[in-house]
Each structure stands twice: as C-alpha cells, then as structure tokens.
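Chemist: I am sharing my_file30.txt, which consists of compact mmCIF, C-alpha atoms:
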# COMPACT_ATOMS: atom_id res chain seq x y z
CA MET K 1 34.00 11.45 1.20
CA GLN K 2 34.02 15.00 2.49
CA GLN K 3 37.44 16.56 3.03
CA HIS K 4 38.66 16.60 6.62
CA PRO K 5 42.10 17.01 8.26
CA TYR K 6 41.69 13.46 9.63
CA GLY K 7 40.27 10.24 8.19
CA PHE K 8 37.44 8.66 10.14
CA GLY K 9 39.66 6.26 12.08
CA GLU K 10 42.18 8.96 12.96
CA GLU K 11 39.41 11.35 14.01
CA LEU K 12 37.73 8.68 16.13
CA ARG K 13 41.02 7.88 17.89
CA ARG K 14 41.79 11.59 18.44
CA ARG K 15 38.41 12.21 20.03
CA ARG K 16 38.53 8.99 22.08
CA LEU K 17 41.91 9.88 23.55
CA ALA K 18 40.75 13.45 24.22
CA ALA K 19 37.86 11.94 26.22
CA ASP K 20 40.37 9.76 28.11
CA LEU K 21 38.67 6.53 27.06
CA SER K 22 40.32 3.24 26.18
CA LEU K 23 39.15 1.18 23.22
CA GLU K 24 37.52 -1.25 25.62
CA GLN K 25 35.71 1.51 27.52
CA LEU K 26 34.33 3.13 24.35
CA GLY K 27 33.46 -0.30 22.98
CA LYS K 28 31.28 -1.07 25.99
CA ARG K 29 29.45 2.23 25.60
CA VAL K 30 28.65 1.73 21.91
CA HIS K 31 28.29 -2.08 22.12
CA TYR K 32 31.21 -2.86 19.82
CA SER K 33 34.11 -5.11 20.68
CA LYS K 34 37.56 -3.71 21.34
CA ALA K 35 38.84 -5.60 18.28
CA GLN K 36 36.16 -4.11 16.00
CA LEU K 37 36.88 -0.56 17.14
CA SER K 38 40.61 -1.10 16.76
CA LYS K 39 40.12 -2.17 13.14
CA VAL K 40 38.00 0.93 12.50
CA GLU K 41 40.60 3.25 14.00
CA ARG K 42 43.38 1.63 11.95
CA GLY K 43 41.36 1.87 8.75
CA LEU K 44 41.06 -1.91 8.38
CA LYS K 45 37.27 -1.95 8.76
CA ARG K 46 34.78 0.43 7.19
CA PRO K 47 32.67 2.11 9.91
CA SER K 48 28.88 2.01 9.70
CA LEU K 49 26.83 5.18 10.00
CA GLU K 50 25.22 3.68 13.11
CA LEU K 51 28.64 3.36 14.77
CA ALA K 52 29.53 6.92 13.82
CA ARG K 53 26.33 8.25 15.42
CA LEU K 54 26.84 6.24 18.61
CA CYS K 55 30.42 7.50 18.90
CA ASP K 56 29.27 11.06 18.20
CA THR K 57 26.95 10.80 21.21
CA GLU K 58 29.47 9.21 23.57
CA LEU K 59 32.29 11.57 22.56
CA THR K 60 30.08 14.70 22.37
CA ALA K 61 31.13 15.22 18.76
CA ASP K 62 27.87 16.89 17.63
CA GLY K 63 27.60 14.78 14.48
CA ALA K 64 31.20 15.41 13.33
CA LEU K 65 31.98 11.70 12.92
CA ALA K 66 28.75 10.91 11.10
CA ARG K 67 29.38 13.77 8.68
CA LEU K 68 32.69 12.18 7.69
CA LEU K 69 30.70 9.32 6.18
CA GLU K 70 28.29 11.46 4.17
CA PRO K 71 28.76 11.12 0.40
CA ALA K 72 29.82 14.30 -1.37
CA GLY K 73 27.94 13.51 -4.57
CA SER K 74 25.31 15.60 -6.30
CA PRO K 75 21.79 15.82 -4.87
CA MET K 76 19.27 13.11 -5.69
CA SER K 77 17.63 13.83 -9.04
CA LEU K 78 13.84 14.02 -8.95
CA PRO K 79 11.69 14.22 -12.08
CA ALA K 80 10.13 17.59 -12.82
CA PRO K 81 6.43 17.71 -11.89
CA GLY K 82 3.43 18.18 -14.11
CA ARG K 83 4.10 16.53 -17.48
CA ASP K 84 0.71 16.84 -19.15
CA ASP K 85 1.76 14.85 -22.23
CA GLU K 86 2.33 11.68 -20.23
CA VAL K 87 -0.18 9.12 -18.97
CA TRP K 88 0.30 5.72 -17.35
CA LEU K 89 -1.07 2.37 -18.40
CA MET K 90 -1.53 -0.43 -15.89
CA TYR K 91 -1.13 -4.01 -17.05
CA LEU K 92 -2.89 -6.62 -14.94
CA ASP K 93 -1.73 -10.24 -15.13
CA LYS K 94 -4.05 -13.13 -14.35
CA ASP K 95 -1.82 -14.10 -11.42
CA GLY K 96 -2.56 -10.76 -9.76
CA ASP K 97 0.68 -8.95 -10.58
CA SER K 98 0.52 -5.47 -12.08
CA THR K 99 2.94 -3.10 -13.76
CA LEU K 100 2.72 0.59 -14.68
CA GLN K 101 4.27 2.03 -17.84
CA PRO K 102 4.40 5.68 -18.99
CA VAL K 103 2.95 6.41 -22.43
CA LYS K 104 2.72 9.66 -24.39
CA ARG K 105 -0.87 10.84 -24.43
CA ARG K 106 -0.87 11.29 -28.19
CA SER K 107 0.19 7.67 -28.62
CA LEU K 108 -2.88 6.25 -26.93
CA ILE K 109 -5.51 4.61 -29.10
CA ALA K 110 -8.86 6.17 -28.36
CA VAL K 111 -10.76 2.88 -28.47
CA GLY K 112 -10.96 1.40 -24.98
CA ALA K 113 -9.38 4.41 -23.30
CA ALA K 114 -12.63 5.96 -22.13
CA SER K 115 -13.86 5.14 -18.66
CA ALA K 116 -16.58 2.50 -18.54
CA LEU K 117 -18.32 4.67 -16.00
CA SER K 118 -18.47 7.64 -18.36
CA LEU K 119 -19.89 5.43 -21.12
CA GLN K 120 -22.62 4.19 -18.83
CA LEU K 121 -23.54 7.71 -17.80
CA GLY K 122 -23.76 8.72 -21.44
CA GLY K 123 -22.56 12.25 -20.71
CA ASP K 124 -25.70 13.27 -18.84
CA PRO K 125 -25.16 15.68 -15.91
CA LEU K 126 -25.44 14.25 -12.42
CA PRO K 127 -28.57 15.33 -10.56
CA VAL K 128 -27.54 18.12 -8.24
CA ASP K 129 -30.12 17.52 -5.54
CA THR K 130 -30.49 13.74 -5.67
CA GLY K 131 -27.55 11.55 -4.85
CA ALA K 132 -24.62 13.94 -5.21
CA GLY K 133 -24.10 14.31 -1.48
CA THR K 134 -24.51 10.59 -0.99
CA LEU K 135 -21.98 9.95 -3.75
CA VAL K 136 -19.32 12.11 -2.10
CA GLU K 137 -20.02 10.61 1.30
CA ALA K 138 -19.88 7.05 -0.03
CA SER K 139 -16.63 7.72 -1.89
CA ARG K 140 -15.14 9.23 1.27
CA MET K 141 -16.15 6.17 3.29
CA LEU K 142 -14.66 3.93 0.61
CA PHE K 143 -11.39 5.85 0.82
CA ASP K 144 -11.25 5.26 4.57
CA GLN K 145 -11.69 1.55 3.88
CA PHE K 146 -8.87 1.61 1.33
CA ARG K 147 -6.62 3.18 3.96
CA ARG K 148 -7.63 0.47 6.41
CA ILE K 149 -6.98 -2.29 3.86
CA GLY K 150 -3.65 -0.66 3.05
CA GLN K 151 -2.53 -1.39 6.60
CA ALA K 152 -2.84 -5.14 6.03
CA ALA K 153 -2.24 -5.71 2.30
CA THR K 154 0.58 -5.41 -0.22
CA PRO K 155 0.72 -2.03 -1.98
CA ARG K 156 0.58 -3.56 -5.45
CA SER K 157 -2.68 -5.32 -4.59
CA LEU K 158 -4.30 -1.91 -4.03
CA LEU K 159 -2.90 0.09 -6.92
CA SER K 160 -5.32 -1.01 -9.64
CA ALA K 161 -8.38 -0.33 -7.46
CA LEU K 162 -7.07 3.05 -6.33
CA ILE K 163 -6.28 4.15 -9.87
CA ALA K 164 -9.70 3.04 -11.11
CA GLN K 165 -11.47 4.88 -8.30
CA THR K 166 -9.44 8.05 -8.95
CA HIS K 167 -10.44 8.04 -12.62
CA SER K 168 -14.06 7.28 -11.77
CA LEU K 169 -14.22 10.31 -9.47
CA GLU K 170 -12.70 12.47 -12.21
CA GLN K 171 -15.38 11.33 -14.64
CA LEU K 172 -18.13 11.94 -12.12
CA ALA K 173 -16.74 15.42 -11.44
CA ARG K 174 -17.01 16.29 -15.12
CA LEU K 175 -20.75 15.61 -14.99
CA ALA K 176 -21.51 17.24 -11.64
CA GLY K 177 -22.59 20.73 -10.63
CA PRO K 178 -19.94 23.25 -9.49
CA ARG K 179 -20.06 22.53 -5.73
CA THR K 180 -20.17 18.75 -6.08
CA ARG K 181 -17.54 18.91 -8.84
CA ASN K 182 -15.06 20.59 -6.47
CA GLU K 183 -15.80 18.09 -3.70
CA LEU K 184 -15.26 15.16 -6.06
CA LEU K 185 -12.01 16.58 -7.47
CA VAL K 186 -10.59 17.17 -4.00
CA LEU K 187 -11.55 13.65 -2.99
CA ALA K 188 -9.99 12.31 -6.22
CA SER K 189 -6.80 14.16 -5.28
CA ARG K 190 -6.65 12.28 -1.98
CA TYR K 191 -7.05 9.00 -3.83
CA ALA K 192 -4.25 10.03 -6.19
CA GLU K 193 -2.00 11.02 -3.28
CA TYR K 194 -2.58 7.67 -1.59
CA THR K 195 -1.90 5.93 -4.90
CA GLY K 196 1.46 7.71 -4.94
CA TRP K 197 2.23 6.54 -1.43
CA MET K 198 1.37 2.93 -2.31
CA ALA K 199 3.60 3.18 -5.39
CA GLN K 200 6.48 4.32 -3.16
CA GLU K 201 5.74 1.46 -0.78
CA ALA K 202 5.97 -0.86 -3.79
CA GLY K 203 9.44 0.53 -4.53
CA ASP K 204 8.51 2.62 -7.58
CA ASP K 205 9.54 6.20 -6.82
CA ARG K 206 8.95 7.45 -10.36
CA THR K 207 5.32 6.33 -10.35
CA ALA K 208 4.94 7.69 -6.82
CA LEU K 209 6.04 11.15 -7.94
CA TRP K 210 3.78 11.08 -11.00
CA TRP K 211 0.70 10.33 -8.90
CA THR K 212 1.68 12.89 -6.28
CA ASP K 213 1.88 15.55 -8.98
CA ARG K 214 -1.45 14.36 -10.40
CA ALA K 215 -2.94 14.77 -6.93
CA VAL K 216 -1.78 18.39 -6.86
CA GLN K 217 -3.44 19.05 -10.23
CA LEU K 218 -6.74 17.50 -9.13
CA ALA K 219 -6.75 19.38 -5.84
CA HIS K 220 -6.05 22.67 -7.61
CA GLY K 221 -8.96 21.98 -9.95
CA GLY K 222 -11.18 21.53 -6.89
CA GLY K 223 -10.05 24.78 -5.29
CA ASP K 224 -7.74 23.16 -2.71
CA ASP K 225 -4.10 24.23 -2.95
CA ALA K 226 -2.91 22.43 0.21
CA LEU K 227 -1.54 19.49 -1.74
CA ALA K 228 0.97 21.67 -3.59
CA ALA K 229 2.90 22.08 -0.34
CA TYR K 230 2.20 18.50 0.70
CA ALA K 231 3.77 17.29 -2.56
CA LEU K 232 7.02 18.86 -1.34
CA VAL K 233 6.69 16.85 1.87
CA ARG K 234 6.23 13.64 -0.12
CA ARG K 235 9.22 14.45 -2.32
CA SER K 236 11.22 15.16 0.84
CA LEU K 237 10.40 11.68 2.14
CA ILE K 238 11.48 10.07 -1.14
CA CYS K 239 14.81 11.92 -0.94
CA LEU K 240 15.28 10.82 2.67
CA PHE K 241 14.74 7.15 1.83
CA GLY K 242 16.92 7.67 -1.25
CA GLY K 243 19.87 8.70 0.92
CA ASP K 244 19.84 12.45 0.28
CA PRO K 245 18.98 14.10 3.64
CA ALA K 246 20.25 17.51 2.50
CA GLN K 247 17.72 17.79 -0.32
CA ALA K 248 15.08 16.20 1.91
CA THR K 249 15.63 19.01 4.43
CA GLN K 250 15.45 21.67 1.72
CA LEU K 251 12.14 20.36 0.33
CA ALA K 252 10.61 20.05 3.81
CA GLU K 253 11.64 23.62 4.61
CA GLN K 254 9.93 24.90 1.45
CA ALA K 255 6.69 23.28 2.57
CA LEU K 256 7.17 24.45 6.15
CA HIS K 257 7.52 28.09 5.08
CA SER K 258 4.55 27.97 2.70
CA ALA K 259 1.06 29.31 3.37
CA ALA K 260 -0.32 25.77 3.71
CA ALA K 261 -2.64 24.64 6.48
CA PRO K 262 -1.11 23.81 9.89
CA ARG K 263 -1.29 20.03 9.32
CA VAL K 264 0.72 20.16 6.10
CA ARG K 265 3.31 22.43 7.69
CA GLY K 266 3.36 20.20 10.77
CA LEU K 267 4.12 17.16 8.63
CA ALA K 268 6.82 19.19 6.88
CA ALA K 269 8.40 20.06 10.23
CA GLN K 270 8.27 16.40 11.23
CA HIS K 271 10.08 15.22 8.09
CA ARG K 272 12.53 18.10 8.40
CA ALA K 273 13.35 16.79 11.88
CA GLN K 274 13.99 13.31 10.48
CA SER K 275 16.37 14.67 7.85
CA LEU K 276 18.22 16.81 10.40
CA ALA K 277 18.54 13.82 12.72
CA VAL K 278 20.15 11.77 9.96
CA THR K 279 22.84 14.45 9.63
CA GLY K 280 23.37 14.54 13.41
CA GLU K 281 21.87 17.96 14.13
CA HIS K 282 20.31 17.20 17.51
CA SER K 283 19.18 20.64 18.64
CA ALA K 284 17.73 21.61 15.25
CA ALA K 285 15.92 18.26 14.97
CA MET K 286 14.35 18.60 18.42
CA ARG K 287 13.25 22.16 17.69
CA SER K 288 11.66 20.99 14.47
CA LEU K 289 9.78 18.24 16.34
CA ASP K 290 8.49 20.81 18.83
CA GLN K 291 7.32 22.92 15.90
CA ALA K 292 5.63 19.89 14.35
CA ARG K 293 3.71 19.19 17.55
CA GLU K 294 2.49 22.81 17.79
CA LEU K 295 1.37 22.90 14.16
CA LEU K 296 -0.37 19.52 14.25
CA ALA K 297 -2.16 20.52 17.47
CA ALA K 298 -3.41 23.66 15.69
CA ASP K 299 -4.95 21.62 12.88
CA LYS K 300 -8.70 22.02 12.69
CA ALA K 301 -10.56 18.79 13.35
CA GLY K 302 -13.64 17.65 11.47
CA SER K 303 -12.45 18.30 7.91
CA ASP K 304 -14.64 16.95 5.11
CA THR K 305 -11.56 15.62 3.30
CA PRO K 306 -9.41 12.64 4.37
CA THR K 307 -6.51 13.27 6.71
CA LEU K 308 -3.12 13.76 5.08
CA GLY K 309 -0.23 11.76 6.48
CA ALA K 310 -0.26 8.93 9.00
CA SER K 311 -3.70 8.15 10.36
CA HIS K 312 -2.99 4.95 12.31
CA VAL K 313 -0.43 6.34 14.79
CA PRO K 314 -1.98 7.87 17.95
CA ASP K 315 0.92 10.27 18.65
CA VAL K 316 2.87 10.60 15.43
CA VAL K 317 5.31 13.21 16.77
CA ALA K 318 6.24 11.06 19.76
CA MET K 319 6.80 8.09 17.46
CA TYR K 320 9.05 10.07 15.14
CA THR K 321 10.88 11.58 18.10
CA GLY K 322 11.89 8.03 18.99
CA TRP K 323 13.14 7.46 15.48
CA CYS K 324 15.07 10.74 15.48
CA LEU K 325 16.74 9.78 18.76
CA TYR K 326 17.92 6.56 17.16
CA GLU K 327 19.35 8.43 14.18
CA LEU K 328 21.06 10.83 16.60
CA GLY K 329 22.91 7.99 18.31
CA ARG K 330 20.69 7.78 21.40
CA PRO K 331 19.31 4.24 21.00
CA ARG K 332 18.45 3.63 24.65
CA GLN K 333 16.18 6.69 24.78
CA ALA K 334 14.78 5.78 21.38
CA ALA K 335 13.97 2.22 22.47
CA GLU K 336 12.09 3.39 25.57
CA LEU K 337 9.98 5.84 23.58
CA LEU K 338 9.31 3.44 20.70
CA ASP K 339 8.34 0.66 23.13
CA ARG K 340 5.71 2.90 24.66
CA GLU K 341 4.32 4.31 21.43
CA THR K 342 4.29 1.03 19.50
CA ALA K 343 2.18 -0.54 22.25
CA GLU K 344 -0.56 1.98 21.39
CA LEU K 345 -0.85 0.89 17.74
CA SER K 346 -3.99 -0.91 16.64
CA ALA K 347 -3.65 -4.67 16.15
CA HIS K 348 -4.98 -4.43 12.56
CA ALA K 349 -2.45 -1.72 11.53
CA LEU K 350 0.08 -4.24 10.24
CA ARG K 351 1.97 -1.72 8.10
CA ALA K 352 2.44 0.69 11.01
CA ARG K 353 3.35 -2.13 13.38
CA ALA K 354 5.95 -3.50 10.95
CA ARG K 355 7.43 -0.06 10.24
CA HIS K 356 7.77 1.09 13.82
CA GLY K 357 8.54 -2.41 15.06
CA ALA K 358 11.57 -2.52 12.76
CA ARG K 359 12.75 0.80 14.13
CA ARG K 360 12.11 -0.38 17.68
CA ALA K 361 14.20 -3.52 17.03
CA LEU K 362 16.98 -1.38 15.57
CA ALA K 363 17.02 0.83 18.64
CA HIS K 364 17.23 -2.15 21.03
CA ALA K 365 19.99 -3.77 18.97
CA ALA K 366 22.02 -0.55 18.84
CA ALA K 367 21.57 -0.19 22.60
CA GLY K 368 23.12 -3.62 23.08
CA ASP K 369 19.92 -5.47 23.97
CA ILE K 370 20.28 -8.09 21.25
CA ASP K 371 17.95 -10.64 22.81
CA GLN K 372 15.07 -8.14 22.98
CA ALA K 373 15.82 -6.98 19.44
CA CYS K 374 15.47 -10.59 18.26
CA VAL K 375 12.16 -11.03 20.08
CA ILE K 376 10.78 -7.86 18.47
CA THR K 377 12.08 -8.89 15.05
CA SER K 378 10.42 -12.30 15.31
CA GLU K 379 7.11 -10.63 16.20
CA LEU K 380 7.12 -8.18 13.29
CA LEU K 381 8.18 -10.45 10.44
CA SER K 382 4.71 -11.80 9.64
CA SER K 383 3.39 -8.24 9.38
CA ALA K 384 6.36 -7.17 7.24
CA ALA K 385 5.78 -10.09 4.88
CA ALA K 386 2.07 -9.31 4.60
CA VAL K 387 2.51 -5.64 3.63
CA ASP K 388 5.64 -6.15 1.48
CA SER K 389 6.86 -2.56 1.84
CA ALA K 390 9.98 -1.22 0.11
CA THR K 391 10.43 1.52 2.71
CA ILE K 392 10.12 -0.90 5.64
CA ALA K 393 12.58 -3.21 3.88
CA THR K 394 15.14 -0.38 4.04
CA ASP K 395 15.04 -0.53 7.84
CA LEU K 396 14.96 -4.33 7.87
CA ARG K 397 18.18 -4.43 5.86
CA ARG K 398 19.80 -2.14 8.40
CA LEU K 399 18.54 -4.43 11.14
CA ALA K 400 19.93 -7.51 9.39
CA ARG K 401 23.38 -5.89 9.14
CA LEU K 402 23.32 -4.88 12.78
CA LEU K 403 22.27 -8.32 14.03
CA ALA K 404 24.89 -9.96 11.81
CA ARG K 405 27.54 -8.51 14.13
CA HIS K 406 26.39 -11.03 16.76
CA PRO K 407 26.56 -14.40 14.98
CA ARG K 408 26.99 -16.36 18.20
CA ASN K 409 23.78 -15.08 19.77
CA VAL K 410 21.15 -17.83 19.87
CA GLY K 411 18.33 -15.41 19.07
CA VAL K 412 20.20 -14.02 16.08
CA ARG K 413 20.83 -17.50 14.69
CA GLU K 414 17.10 -18.27 14.96
CA VAL K 415 15.70 -15.05 13.52
CA ALA K 416 18.32 -14.24 10.85
CA PRO K 417 17.04 -16.74 8.23
CA GLN K 418 13.46 -15.51 8.72
CA LEU K 419 14.57 -11.90 8.42
CA THR K 420 16.52 -12.64 5.25
CA ALA K 421 13.48 -14.38 3.74
CA VAL K 422 11.34 -11.21 3.72
CA LEU K 423 14.03 -9.07 2.03
CA PRO K 424 14.72 -10.39 -1.50
CA ARG K 425 11.75 -8.68 -3.16
CA HIS K 426 13.15 -5.24 -2.32
CA SER K 427 16.90 -5.91 -2.35
Re-express the file's structure as structure tokens.
Modeler:
Amino acid sequence: MQQHPYGFGEELRRRRLAADLSLEQLGKRVHYSKAQLSKVERGLKRPSLELARLCDTELTADGALARLLEPAGSPMSLPAPGRDDEVWLMYLDKDGDSTLQPVKRRSLIAVGAASALSLQLGGDPLPVDTGAGTLVEASRMLFDQFRRIGQAATPRSLLSALIAQTHSLEQLARLAGPRTRNELLVLASRYAEYTGWMAQEAGDDRTALWWTDRAVQLAHGGGDDALAAYALVRRSLICLFGGDPAQATQLAEQALHSAAAPRVRGLAAQHRAQSLAVTGEHSAAMRSLDQARELLAADKAGSDTPTLGASHVPDVVAMYTGWCLYELGRPRQAAELLDRETAELSAHALRARARHGARRALAHAAAGDIDQACVITSELLSSAAAVDSATIATDLRRLARLLARHPRNVGVREVAPQLTAVLPRHS
C-alpha cells in the first residue's frame, strides 16, 4: 500500500467526522450497512475499491481514499514489440478448440509452411486491371462480416479464420502491383489488429500484443503509419484491464500526442479518460472525454479502410462517460447514462450488449438499486455466455462480488448461480 499518515479506516473515519456524518448516515449514502462501515473503519474488514470511490464522492475527497488502495508495485510488464524471429503456430483440435504457440522462425520446417493460396497461384503476378479492385472490395466486405460475427460468437471460434485471411492477404499482396499491394497490406493490418483484439477477448494478452505489433508492421508496409499510434492505445487497454492504470494513462498519452489521425487520437483520449477515472481524477477524466469527442467528430468519414475501435456503439464517448462516472464513484449518474446508451445498441451486437450491460448492472447495484441490477444481470447472461469474453468476465466478477453483499435479496439468490456459471472459464 502507498504510505499515508492514516490507514484507510482511520482516514475514512477522519473524513466522515469532518463532514459531520454518522456511520448510519454515510452508510445510507453509499449503500453499505452501518455494521459493514464500522468494520472497515476499525480495520476488521478490507474495503473494496468500489466503496472507496463512493466514499470519495460523498466526502468530497477527490480520490484520496481510492488512492490508499492502489498497489505500489512496479508497472505491468509488457513484451517488447516487433520480434521478427518469432512466429506463431495454431493447433486446431477436432472438437473445435484451438491454441497458439510461439515458435522461432528458424525452427519451422519448410514443408507445409507455405500458404496453400500461394501454391495455387504459382507465383504469377495478379492482373492489375482485372479483379484487383474486386479482390480488395470483397476482402473489405468479408472483414465487415467478421466484425459482425464477432459480436455474436466466441473469440476463439474466429481466430483461425482471421489468421488464415490475414496470411492470404499477405500472399496476395506479394503478387500484386504497387497500388493494390499497399491496399491489401493495409487491409491485412486491420485483420491482424482485429485478431489481436479477439486474442485479448479470449484472455491471451501475449498473443494479443504479438498480433497488434504484426498489424503495425503490415500497415507500415502498406504506407499507413496510423496503427503505430493505435498499438499504443491497444497496449493501454491491456494495462488497464491488467490493473495498471498509471501505465495505461502513460501509453494513451503517447498516442494522444502523436501525429496520428484524429480518430486514433480520439480513441487514445477516451482510454486515457478511463484510466484517469480509475485513479479518481474526475476533472482530468472529463476533460479527456471532451477531447475525445472533439477528435472523433473531426474524423473524416468514408475511409476505404475499416474503422478502428468500436463500431457497434452509436455514441461511444457517451457510453464511456457512463463507465467513467461509475469508476469515479457516481453510480446514479452512470446508471442513467448507461441505461440510455445501452438502449441504442443493436439487438445482434451481443458482445457490446453484454459488455455495457455488465457495467450498467454494476452502476445500478452500486447505486443501491439491487433489484434492477438483478434484472439487468439476468438479461445479459445469455449474451455473455455466447461471446465468452475475458474482458467482460472481469466486470462480471466485480458484479458478482457486489451482489454477494446482499444475500437475502430474492433477485440476488435467483441470479447468483447463473452469474457464477458463466465465470469459470476466465477465473
């Protein structure tokens, strides 16, 4: 724990008394019982980060209580990008499971390593005027379909197809003319980036980072350097989910201050806001969200390459504002905003509905509306089970812990076993 003249319980009691609030009065405001708060103040019960943020808000502590719970360890260690001597092999089992393993390039046996597509083409150049444009267009349309399928399927079920398509586009690019080659490489980079995201959703951060770095290399080969900054955004997100908001903020700021396109910088500002919210910096987080909205609004529409970042959320900044408000200990405001924005999500976007539904349920539970939180949880569980996301499971575990504080609630008793059932794969 960070050094402080008071322990958490002592500091909470000092600030509560300074605000002239009794244990019962503060308990009603943060939806904790008088007995629970008393145990926290006396050091008999470990406080949750959620409680610290709620008390920060009610006692106008500006994140001081939440910061007492931040670990003082070293920053999260991320692998260095761009190891050219390493490739990955995917093993496909007949039951549909797949695993990825890193292998040194020099250790690969040449037989069977070549793409079937390149063998069929026999090394002949692609016709420049016949079919090249159609090929790029068809591959782009296929990518959009992969993104759509990714909203309703498990990430592991997509990985093999995404990897194969990425390699196929690379092989086609080798045989194409200069203009078509660049278009194919940039499109391959988007496939690689999405492969990285699906790997993270499957709970494999190392593979996610490898594919993100590969995406940067492909994009650079196609004359598009935007992904270099976007890779920082992706690494920032991995750090945030890994419990290192300080490094997440630093990485997002590097991308934000780069010369990247407005959309990439807008996404960086958005993730910077999330990281700042986790550390209780309300004003800085809100400013970063305002910056994100301005940058994303300045993004030029009609790009020939797929959109980076969320594409199934109508107002992504509003949605993440709701999540930031929750992290900042303002669950009632968060719940109202998330209710409104979640209602705008497409019915087929199961991944988005599960992700933001979990956050919506958390906000209602933290605001004391346990019955509504249980209703929302019951509605999202089928979607959460279908997409089997490691990042969504992180929020579902938080939700399970929060609901467990209300064992006598009828709704909690009904939904708790169902909620527990979707968690073991990512525990």
Chemist: Quick one: distance from CA of Leu49 in chain K to CA of Gln291 in chain K in Å, one decimal?
Modeler: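 Here the two named atoms are 27.0 Å from each other.
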Chemist: Return the single residue from K:Leu267, K:Ala202, K:Ile238, K:Leu276 that is closest to Asp299 in chain K, with distances computed using only C-alpha atoms.
Modeler: K:Leu267
Chemist: Residues at most 10 Å from range 391-400 of chain K, counting only C-alpha atoms, excluding those fewer than 2 positions away in the same chain, as a PyMOL selection string?
Modeler: chain K and resi 50+200-203+238+241-242+351-352+354-359+361-363+365-366+373-374+377+381+384-385+387-389+402-405+412+415-417+419-420+422-427
Chemist: Could you tell me which of K:Leu308, K:Ala273, K:Ile149, K:Met198 comes closest to Ala231 in chain K if we count only C-alpha atoms?
Modeler: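 Residue with the minimum atom-to-atom distance to Ala231 in chain K: K:Leu308.
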Chemist: Given only C-alpha atoms as the basis, pick out the residue of K:Glu341, K:Glu253, K:Asp224, K:Asp205 nearest to Glu183 in chain K.
Modeler: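 Distance minimum relative to Glu183 in chain K lands on K:Asp224.
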Chemist: What is the distance between CA of Arg340 in chain K and CA of Ala285 in chain K, in Å to one decimal?
Modeler: 20.8 Å
Chemist: Could you give me range 394-407 of chain K completed to N, CA, C and O atoms, formatted as an mmCIF file, in the coordinates of the input?
Modeler:
data_model
loop_
_atom_site.group_PDB
_atom_site.id
_atom_site.type_symbol
_atom_site.label_atom_id
_atom_site.label_comp_id
_atom_site.auth_asym_id
_atom_site.auth_seq_id
_atom_site.Cartn_x
_atom_site.Cartn_y
_atom_site.Cartn_z
ATOM 1 N N THR K 394 13.915 -1.170 3.833
ATOM 2 C CA THR K 394 15.140 -0.380 4.040
ATOM 3 C C THR K 394 15.611 -0.511 5.488
ATOM 4 O O THR K 394 16.801 -0.722 5.757
ATOM 5 N N ASP K 395 14.688 -0.391 6.431
ATOM 6 C CA ASP K 395 15.040 -0.530 7.840
ATOM 7 C C ASP K 395 15.374 -1.971 8.201
ATOM 8 O O ASP K 395 16.243 -2.234 9.035
ATOM 9 N N LEU K 396 14.680 -2.921 7.576
ATOM 10 C CA LEU K 396 14.960 -4.330 7.870
ATOM 11 C C LEU K 396 16.355 -4.722 7.397
ATOM 12 O O LEU K 396 17.025 -5.540 8.038
ATOM 13 N N ARG K 397 16.815 -4.153 6.298
ATOM 14 C CA ARG K 397 18.180 -4.430 5.860
ATOM 15 C C ARG K 397 19.190 -3.881 6.854
ATOM 16 O O ARG K 397 20.217 -4.516 7.136
ATOM 17 N N ARG K 398 18.924 -2.702 7.377
ATOM 18 C CA ARG K 398 19.800 -2.140 8.400
ATOM 19 C C ARG K 398 19.823 -3.039 9.631
ATOM 20 O O ARG K 398 20.874 -3.278 10.238
ATOM 21 N N LEU K 399 18.649 -3.541 9.994
ATOM 22 C CA LEU K 399 18.540 -4.430 11.140
ATOM 23 C C LEU K 399 19.322 -5.717 10.912
ATOM 24 O O LEU K 399 20.030 -6.210 11.811
ATOM 25 N N ALA K 400 19.217 -6.275 9.709
ATOM 26 C CA ALA K 400 19.930 -7.510 9.390
ATOM 27 C C ALA K 400 21.437 -7.311 9.520
ATOM 28 O O ALA K 400 22.152 -8.177 10.054
ATOM 29 N N ARG K 401 21.940 -6.166 9.033
ATOM 30 C CA ARG K 401 23.380 -5.890 9.140
ATOM 31 C C ARG K 401 23.811 -5.741 10.589
ATOM 32 O O ARG K 401 24.893 -6.204 10.979
ATOM 33 N N LEU K 402 22.979 -5.096 11.376
ATOM 34 C CA LEU K 402 23.320 -4.880 12.780
ATOM 35 C C LEU K 402 23.337 -6.196 13.557
ATOM 36 O O LEU K 402 24.261 -6.475 14.323
ATOM 37 N N LEU K 403 22.325 -7.023 13.333
ATOM 38 C CA LEU K 403 22.270 -8.320 14.030
ATOM 39 C C LEU K 403 23.388 -9.245 13.579
ATOM 40 O O LEU K 403 23.844 -10.102 14.355
ATOM 41 N N ALA K 404 23.830 -9.097 12.336
ATOM 42 C CA ALA K 404 24.890 -9.960 11.810
ATOM 43 C C ALA K 404 26.199 -9.793 12.560
ATOM 44 O O ALA K 404 27.089 -10.652 12.468
ATOM 45 N N ARG K 405 26.337 -8.713 13.316
ATOM 46 C CA ARG K 405 27.540 -8.510 14.130
ATOM 47 C C ARG K 405 27.565 -9.425 15.341
ATOM 48 O O ARG K 405 28.560 -9.463 16.066
ATOM 49 N N HIS K 406 26.478 -10.161 15.575
ATOM 50 C CA HIS K 406 26.390 -11.030 16.760
ATOM 51 C C HIS K 406 26.031 -12.452 16.346
ATOM 52 O O HIS K 406 25.000 -12.999 16.751
ATOM 53 N N PRO K 407 26.885 -13.076 15.539
ATOM 54 C CA PRO K 407 26.560 -14.400 14.980
ATOM 55 C C PRO K 407 26.457 -15.501 16.022
ATOM 56 O O PRO K 407 25.853 -16.544 15.741
#
